[in-house]
Amino acid sequence: MAVLPGAPRRGLRYTEHVVSEVTSRQQVRRVPHPPPEGPGSAGSSSPCSSLGSSPGPGARSLTSAHGGNGALAIFSFALPAKQARLAYKEQQQAIRAALDAAPGLAAAGSTLGTLEKGVLFPIVHVCDGGALFQRYLDTGCMLTEDALGPDYALYQGSYQEVRCIAPEGADLAAPPFDQPGAPRDFLLLGFKGVDESFSQVLEDSWKDWTGARHIYLFLPDLLGLERISLYRRVEPDHMQLFKYLVLARLGPTPTDGQATKAQEVLLDYAQRLRVHRISAYLSVYRSLPKGGGGSTWTSA
């Protein structure tokens, strides 16, 4: 743990934590998945059949070096398979409906909807528990690209939280998403253009090249920064998936007259952050209620 420089924000001083000591894929413990037992096992379906995925040779379970699932999470990104002639808000709602209909996605994790128009991923789903996540731990399988049907392409990746910034005394065991109570807003940054091999120097300097330092120093106090997490992709190696993700969780969305002002301030800050991190994917998201209700825009 290291106290970060800078004047205290809202009376809080932020500290950096090493969440995971895993420094390469080889240090992520994998064990062979046992073959099915009992009558009829020889011709039984693969452990991923109910997920629409095949385990491939030697399906394996995945646990962190700490034992248990550690700080692992599955991020799901969906895109239209072909250009759709829909208003952006309608496209966002359609992608959400497709994700909700996918096996295991609607029941666990958190669905994040963008507050902006025209971004690459209108909806992002994050999951670190539930049946879908447990099956991934047990089999090493995730949903396939065509799991949402012919109209959408789904890209799922497992990511491990390796660093985080949080106020002194914060509960680091609490997940960065799926918080109870009022919806949360998030800044999500994705990075592809980095060396695919592991670099200790790269992760030690993450606050600079990801913009995390800019966030905790300059994000307006009105938005109530709660946590910034750096995630490293564990698998799979896919050109559509980001190598690193930064997820900044903000305080509960205001429900009084401050709501519109807070959203305007957040969107303005995101635009200014883009000037500093133009090579990264960056958008503002809000957690959506389960069951398909709610909208991410406060105004039409």
# chains A, B, ... in the order shown; residues from 1 in each chain; ligands from 1
$ select_by_dssp --residues "range 175-229 of chain A" --states "strand (DSSP E or B)" --output "list in words"
Arg184, Asp185, Phe186, Leu187, Leu188, Leu189, Gly190, Phe191, Leu225, Glu226, Arg227, Ile228 and Ser229 of chain A
$ residues_around --residues "Thr114 in chain A" --least-positions-apart "4" --cutoff "9 Å" --atoms "only C-alpha atoms" --output "number ranges by chain"
A: 92, 119, 121-124, 283-287, 296-297
$ write_last_selection --atoms "all heavy atoms" --output "compact mmCIF listing (two decimals), in the first residue's frame"
# COMPACT_ATOMS: atom_id res chain seq x y z
N GLN A 92 -28.85 0.48 -28.27
CA GLN A 92 -28.41 0.16 -26.92
C GLN A 92 -29.41 -0.77 -26.23
O GLN A 92 -29.03 -1.77 -25.60
CB GLN A 92 -28.24 1.44 -26.10
CG GLN A 92 -27.69 1.21 -24.70
CD GLN A 92 -27.72 2.48 -23.87
OE1 GLN A 92 -28.72 3.21 -23.88
NE2 GLN A 92 -26.64 2.76 -23.16
N VAL A 119 -20.55 5.63 -29.06
CA VAL A 119 -19.36 4.89 -28.64
C VAL A 119 -19.44 3.46 -29.17
O VAL A 119 -20.50 2.97 -29.56
CB VAL A 119 -19.22 4.89 -27.10
CG1 VAL A 119 -19.14 6.31 -26.57
CG2 VAL A 119 -20.35 4.13 -26.44
N PHE A 121 -19.07 0.47 -27.69
CA PHE A 121 -19.79 -0.52 -26.90
C PHE A 121 -20.87 0.18 -26.06
O PHE A 121 -20.58 0.68 -24.97
CB PHE A 121 -18.82 -1.29 -25.98
CG PHE A 121 -17.78 -2.07 -26.71
CD1 PHE A 121 -16.45 -1.67 -26.70
CD2 PHE A 121 -18.12 -3.20 -27.44
CE1 PHE A 121 -15.49 -2.39 -27.37
CE2 PHE A 121 -17.16 -3.93 -28.14
CZ PHE A 121 -15.83 -3.51 -28.10
N PRO A 122 -22.11 0.20 -26.55
CA PRO A 122 -23.18 0.86 -25.80
C PRO A 122 -23.48 0.17 -24.47
O PRO A 122 -23.91 0.79 -23.52
CB PRO A 122 -24.39 0.77 -26.73
CG PRO A 122 -23.84 0.50 -28.09
CD PRO A 122 -22.58 -0.29 -27.86
N ILE A 123 -23.27 -1.15 -24.43
CA ILE A 123 -23.54 -1.95 -23.23
C ILE A 123 -22.33 -2.82 -22.92
O ILE A 123 -21.74 -3.44 -23.82
CB ILE A 123 -24.77 -2.86 -23.43
CG1 ILE A 123 -26.05 -2.02 -23.64
CG2 ILE A 123 -24.94 -3.81 -22.26
CD1 ILE A 123 -26.56 -1.35 -22.39
N VAL A 124 -21.95 -2.86 -21.64
CA VAL A 124 -20.88 -3.75 -21.17
C VAL A 124 -21.43 -4.50 -19.96
O VAL A 124 -22.07 -3.91 -19.09
CB VAL A 124 -19.62 -2.97 -20.77
CG1 VAL A 124 -18.56 -3.90 -20.16
CG2 VAL A 124 -19.04 -2.23 -21.98
N SER A 283 -15.24 5.63 -22.25
CA SER A 283 -16.63 6.06 -22.20
C SER A 283 -17.11 6.07 -20.76
O SER A 283 -16.46 5.54 -19.86
CB SER A 283 -17.54 5.18 -23.05
OG SER A 283 -18.82 5.79 -23.20
N VAL A 284 -18.26 6.72 -20.57
CA VAL A 284 -18.89 6.85 -19.25
C VAL A 284 -20.08 5.90 -19.22
O VAL A 284 -20.90 5.87 -20.16
CB VAL A 284 -19.37 8.29 -19.02
CG1 VAL A 284 -20.08 8.41 -17.68
CG2 VAL A 284 -18.21 9.26 -19.11
N TYR A 285 -20.18 5.10 -18.15
CA TYR A 285 -21.25 4.12 -18.04
C TYR A 285 -21.99 4.29 -16.72
O TYR A 285 -21.46 4.83 -15.75
CB TYR A 285 -20.67 2.69 -18.10
CG TYR A 285 -20.18 2.31 -19.47
CD1 TYR A 285 -18.89 2.64 -19.88
CD2 TYR A 285 -20.99 1.62 -20.37
CE1 TYR A 285 -18.43 2.30 -21.15
CE2 TYR A 285 -20.54 1.27 -21.63
CZ TYR A 285 -19.26 1.61 -22.02
OH TYR A 285 -18.81 1.27 -23.27
N ARG A 286 -23.23 3.79 -16.71
CA ARG A 286 -24.05 3.77 -15.50
C ARG A 286 -24.61 2.37 -15.31
O ARG A 286 -25.05 1.73 -16.27
CB ARG A 286 -25.19 4.78 -15.59
CG ARG A 286 -26.14 4.77 -14.38
CD ARG A 286 -27.05 5.99 -14.39
NE ARG A 286 -26.27 7.20 -14.24
CZ ARG A 286 -26.73 8.43 -14.50
NH1 ARG A 286 -27.97 8.58 -14.95
NH2 ARG A 286 -25.96 9.49 -14.33
N SER A 287 -24.57 1.88 -14.08
CA SER A 287 -25.13 0.56 -13.80
C SER A 287 -26.64 0.60 -13.99
O SER A 287 -27.31 1.55 -13.57
CB SER A 287 -24.78 0.12 -12.38
OG SER A 287 -25.24 1.07 -11.42
N THR A 296 -30.20 5.01 -19.42
CA THR A 296 -28.98 5.67 -18.98
C THR A 296 -29.00 7.17 -19.23
O THR A 296 -28.18 7.88 -18.70
CB THR A 296 -27.75 5.08 -19.70
OG1 THR A 296 -27.97 5.15 -21.12
CG2 THR A 296 -27.53 3.64 -19.29
N TRP A 297 -29.94 7.64 -20.04
CA TRP A 297 -29.98 9.07 -20.31
C TRP A 297 -31.03 9.74 -19.43
O TRP A 297 -32.17 9.28 -19.31
CB TRP A 297 -30.30 9.35 -21.78
CG TRP A 297 -29.12 9.10 -22.65
CD1 TRP A 297 -27.94 9.76 -22.65
CD2 TRP A 297 -28.99 8.10 -23.66
NE1 TRP A 297 -27.07 9.24 -23.57
CE2 TRP A 297 -27.70 8.22 -24.21
CE3 TRP A 297 -29.85 7.12 -24.14
CZ2 TRP A 297 -27.24 7.41 -25.24
CZ3 TRP A 297 -29.39 6.30 -25.15
CH2 TRP A 297 -28.11 6.45 -25.69
$ closest_residue --among "A:Met142, A:Val275, A:Ala71, A:Ala102" --to "Ala173 in chain A" --atoms "only C-alpha atoms"
A:Ala71
$ residues_around --residues "Lys207 in chain A" --least-positions-apart "4" --cutoff "10 Å" --atoms "only C-alpha atoms" --output "list in words"
Glu16, Arg163, Cys164, Ile165, Leu202, Glu203, Gly211, Ala212, Arg213, His214, Ile215, Tyr216, Ile228, Leu230 and Val246 of chain A
$ write_last_selection --atoms "N, CA and C atoms" --output "PDB file, in the first residue's frame"
ATOM      1  N   GLU A  16      -2.632   3.476  -3.127  1.00  0.00           N
ATOM      2  CA  GLU A  16      -2.542   2.450  -4.171  1.00  0.00           C
ATOM      3  C   GLU A  16      -2.282   1.101  -3.530  1.00  0.00           C
ATOM      4  N   ARG A 163      -4.134  -3.989  -9.746  1.00  0.00           N
ATOM      5  CA  ARG A 163      -3.833  -2.788  -8.964  1.00  0.00           C
ATOM      6  C   ARG A 163      -5.140  -2.043  -8.704  1.00  0.00           C
ATOM      7  N   CYS A 164      -5.168  -1.283  -7.629  1.00  0.00           N
ATOM      8  CA  CYS A 164      -6.324  -0.417  -7.415  1.00  0.00           C
ATOM      9  C   CYS A 164      -5.922   0.800  -6.590  1.00  0.00           C
ATOM     10  N   ILE A 165      -6.695   1.852  -6.728  1.00  0.00           N
ATOM     11  CA  ILE A 165      -6.558   3.078  -5.948  1.00  0.00           C
ATOM     12  C   ILE A 165      -7.879   3.277  -5.216  1.00  0.00           C
ATOM     13  N   LEU A 202       5.580  -1.835 -16.897  1.00  0.00           N
ATOM     14  CA  LEU A 202       4.333  -1.297 -17.438  1.00  0.00           C
ATOM     15  C   LEU A 202       3.270  -1.201 -16.356  1.00  0.00           C
ATOM     16  N   GLU A 203       3.135  -2.237 -15.557  1.00  0.00           N
ATOM     17  CA  GLU A 203       2.104  -2.215 -14.518  1.00  0.00           C
ATOM     18  C   GLU A 203       2.496  -1.332 -13.335  1.00  0.00           C
ATOM     19  N   GLY A 211      -3.929   7.107 -17.322  1.00  0.00           N
ATOM     20  CA  GLY A 211      -4.695   8.281 -16.924  1.00  0.00           C
ATOM     21  C   GLY A 211      -5.278   8.198 -15.530  1.00  0.00           C
ATOM     22  N   ALA A 212      -4.973   7.102 -14.795  1.00  0.00           N
ATOM     23  CA  ALA A 212      -5.517   6.944 -13.440  1.00  0.00           C
ATOM     24  C   ALA A 212      -5.068   8.090 -12.528  1.00  0.00           C
ATOM     25  N   ARG A 213      -3.832   8.538 -12.686  1.00  0.00           N
ATOM     26  CA  ARG A 213      -3.354   9.639 -11.856  1.00  0.00           C
ATOM     27  C   ARG A 213      -4.167  10.907 -12.127  1.00  0.00           C
ATOM     28  N   HIS A 214      -4.461  11.145 -13.396  1.00  0.00           N
ATOM     29  CA  HIS A 214      -5.272  12.317 -13.765  1.00  0.00           C
ATOM     30  C   HIS A 214      -6.652  12.219 -13.132  1.00  0.00           C
ATOM     31  N   ILE A 215      -7.207  10.995 -13.075  1.00  0.00           N
ATOM     32  CA  ILE A 215      -8.553  10.821 -12.525  1.00  0.00           C
ATOM     33  C   ILE A 215      -8.577  11.153 -11.039  1.00  0.00           C
ATOM     34  N   TYR A 216      -7.665  10.561 -10.261  1.00  0.00           N
ATOM     35  CA  TYR A 216      -7.767  10.797  -8.818  1.00  0.00           C
ATOM     36  C   TYR A 216      -7.312  12.198  -8.415  1.00  0.00           C
ATOM     37  N   ILE A 228     -10.476   3.069  -8.262  1.00  0.00           N
ATOM     38  CA  ILE A 228      -9.965   2.898  -9.620  1.00  0.00           C
ATOM     39  C   ILE A 228      -9.269   1.545  -9.670  1.00  0.00           C
ATOM     40  N   LEU A 230      -7.255  -1.500 -12.034  1.00  0.00           N
ATOM     41  CA  LEU A 230      -6.573  -1.909 -13.252  1.00  0.00           C
ATOM     42  C   LEU A 230      -6.760  -3.410 -13.420  1.00  0.00           C
ATOM     43  N   VAL A 246      -9.231  -0.183 -17.318  1.00  0.00           N
ATOM     44  CA  VAL A 246      -9.273   0.631 -16.102  1.00  0.00           C
ATOM     45  C   VAL A 246     -10.729   0.974 -15.838  1.00  0.00           C
TER      46      VAL A 246
END
$ closest_residue --among "A:Ser76, A:Leu105, A:Lys117, A:Ala248" --to "Gln91 in chain A" --atoms "only C-alpha atoms"
A:Lys117
$ atom_distance --atom1 "CA of Val19 in chain A" --atom2 "CA of Val162 in chain A"
4.9 Å
$ atom_distance --atom1 "CA of Gly109 in chain A" --atom2 "CA of Leu72 in chain A"
12.3 Å
$ closest_residue --among "A:Gln200, A:Phe242, A:Pro254, A:Phe133" --to "Gly224 in chain A" --atoms "only C-alpha atoms"
A:Pro254
$ residues_around --residues "Thr253 in chain A" --least-positions-apart "6" --cutoff "10 Å" --atoms "only C-alpha atoms" --output "mmCIF file with N, CA and C atoms, in the first residue's frame"
data_model
loop_
_atom_site.group_PDB
_atom_site.id
_atom_site.type_symbol
_atom_site.label_atom_id
_atom_site.label_comp_id
_atom_site.auth_asym_id
_atom_site.auth_seq_id
_atom_site.Cartn_x
_atom_site.Cartn_y
_atom_site.Cartn_z
ATOM 1 N N GLY A 181 -28.008 -0.453 -3.682
ATOM 2 C CA GLY A 181 -28.460 0.931 -3.559
ATOM 3 C C GLY A 181 -28.570 1.623 -4.899
ATOM 4 N N ALA A 182 -28.359 2.938 -4.878
ATOM 5 C CA ALA A 182 -28.521 3.762 -6.081
ATOM 6 C C ALA A 182 -27.525 3.352 -7.163
ATOM 7 N N PRO A 183 -27.866 3.583 -8.441
ATOM 8 C CA PRO A 183 -26.931 3.259 -9.530
ATOM 9 C C PRO A 183 -25.601 3.976 -9.349
ATOM 10 N N ARG A 184 -24.549 3.365 -9.874
ATOM 11 C CA ARG A 184 -23.216 3.954 -9.859
ATOM 12 C C ARG A 184 -22.823 4.349 -11.278
ATOM 13 N N ASP A 185 -22.025 5.405 -11.391
ATOM 14 C CA ASP A 185 -21.429 5.771 -12.663
ATOM 15 C C ASP A 185 -19.987 5.281 -12.692
ATOM 16 N N LEU A 223 -18.406 14.245 -8.038
ATOM 17 C CA LEU A 223 -18.648 12.905 -8.574
ATOM 18 C C LEU A 223 -18.277 11.800 -7.595
ATOM 19 N N GLY A 224 -17.537 12.111 -6.550
ATOM 20 C CA GLY A 224 -17.299 11.154 -5.468
ATOM 21 C C GLY A 224 -16.548 9.901 -5.874
ATOM 22 N N ALA A 259 -28.571 15.743 -9.943
ATOM 23 C CA ALA A 259 -28.370 14.644 -10.891
ATOM 24 C C ALA A 259 -27.941 15.138 -12.269
ATOM 25 N N THR A 260 -28.674 16.108 -12.816
ATOM 26 C CA THR A 260 -28.343 16.616 -14.154
ATOM 27 C C THR A 260 -26.992 17.298 -14.160
ATOM 28 N N ALA A 262 -24.455 16.730 -12.130
ATOM 29 C CA ALA A 262 -23.403 15.729 -11.982
ATOM 30 C C ALA A 262 -23.125 15.021 -13.301
ATOM 31 N N GLN A 263 -24.189 14.701 -14.069
ATOM 32 C CA GLN A 263 -23.979 14.043 -15.352
ATOM 33 C C GLN A 263 -23.254 14.959 -16.327
ATOM 34 N N ARG A 286 -23.231 3.787 -16.715
ATOM 35 C CA ARG A 286 -24.046 3.771 -15.501
ATOM 36 C C ARG A 286 -24.607 2.368 -15.306
ATOM 37 N N SER A 287 -24.568 1.882 -14.078
ATOM 38 C CA SER A 287 -25.134 0.562 -13.800
ATOM 39 C C SER A 287 -26.644 0.603 -13.995
#
$ closest_residue --among "A:Leu188, A:Leu154, A:Val265, A:Leu137" --to "Ile95 in chain A" --atoms "only C-alpha atoms"
A:Leu154
$ select_by_dssp --residues "range 153-287 of chain A" --states "helix (DSSP H, G or I)" --output "count of residues only"
38
$ closest_residue --among "A:Phe191, A:Tyr244, A:Trp209, A:Tyr231" --to "Glu161 in chain A" --atoms "only C-alpha atoms"
A:Tyr231
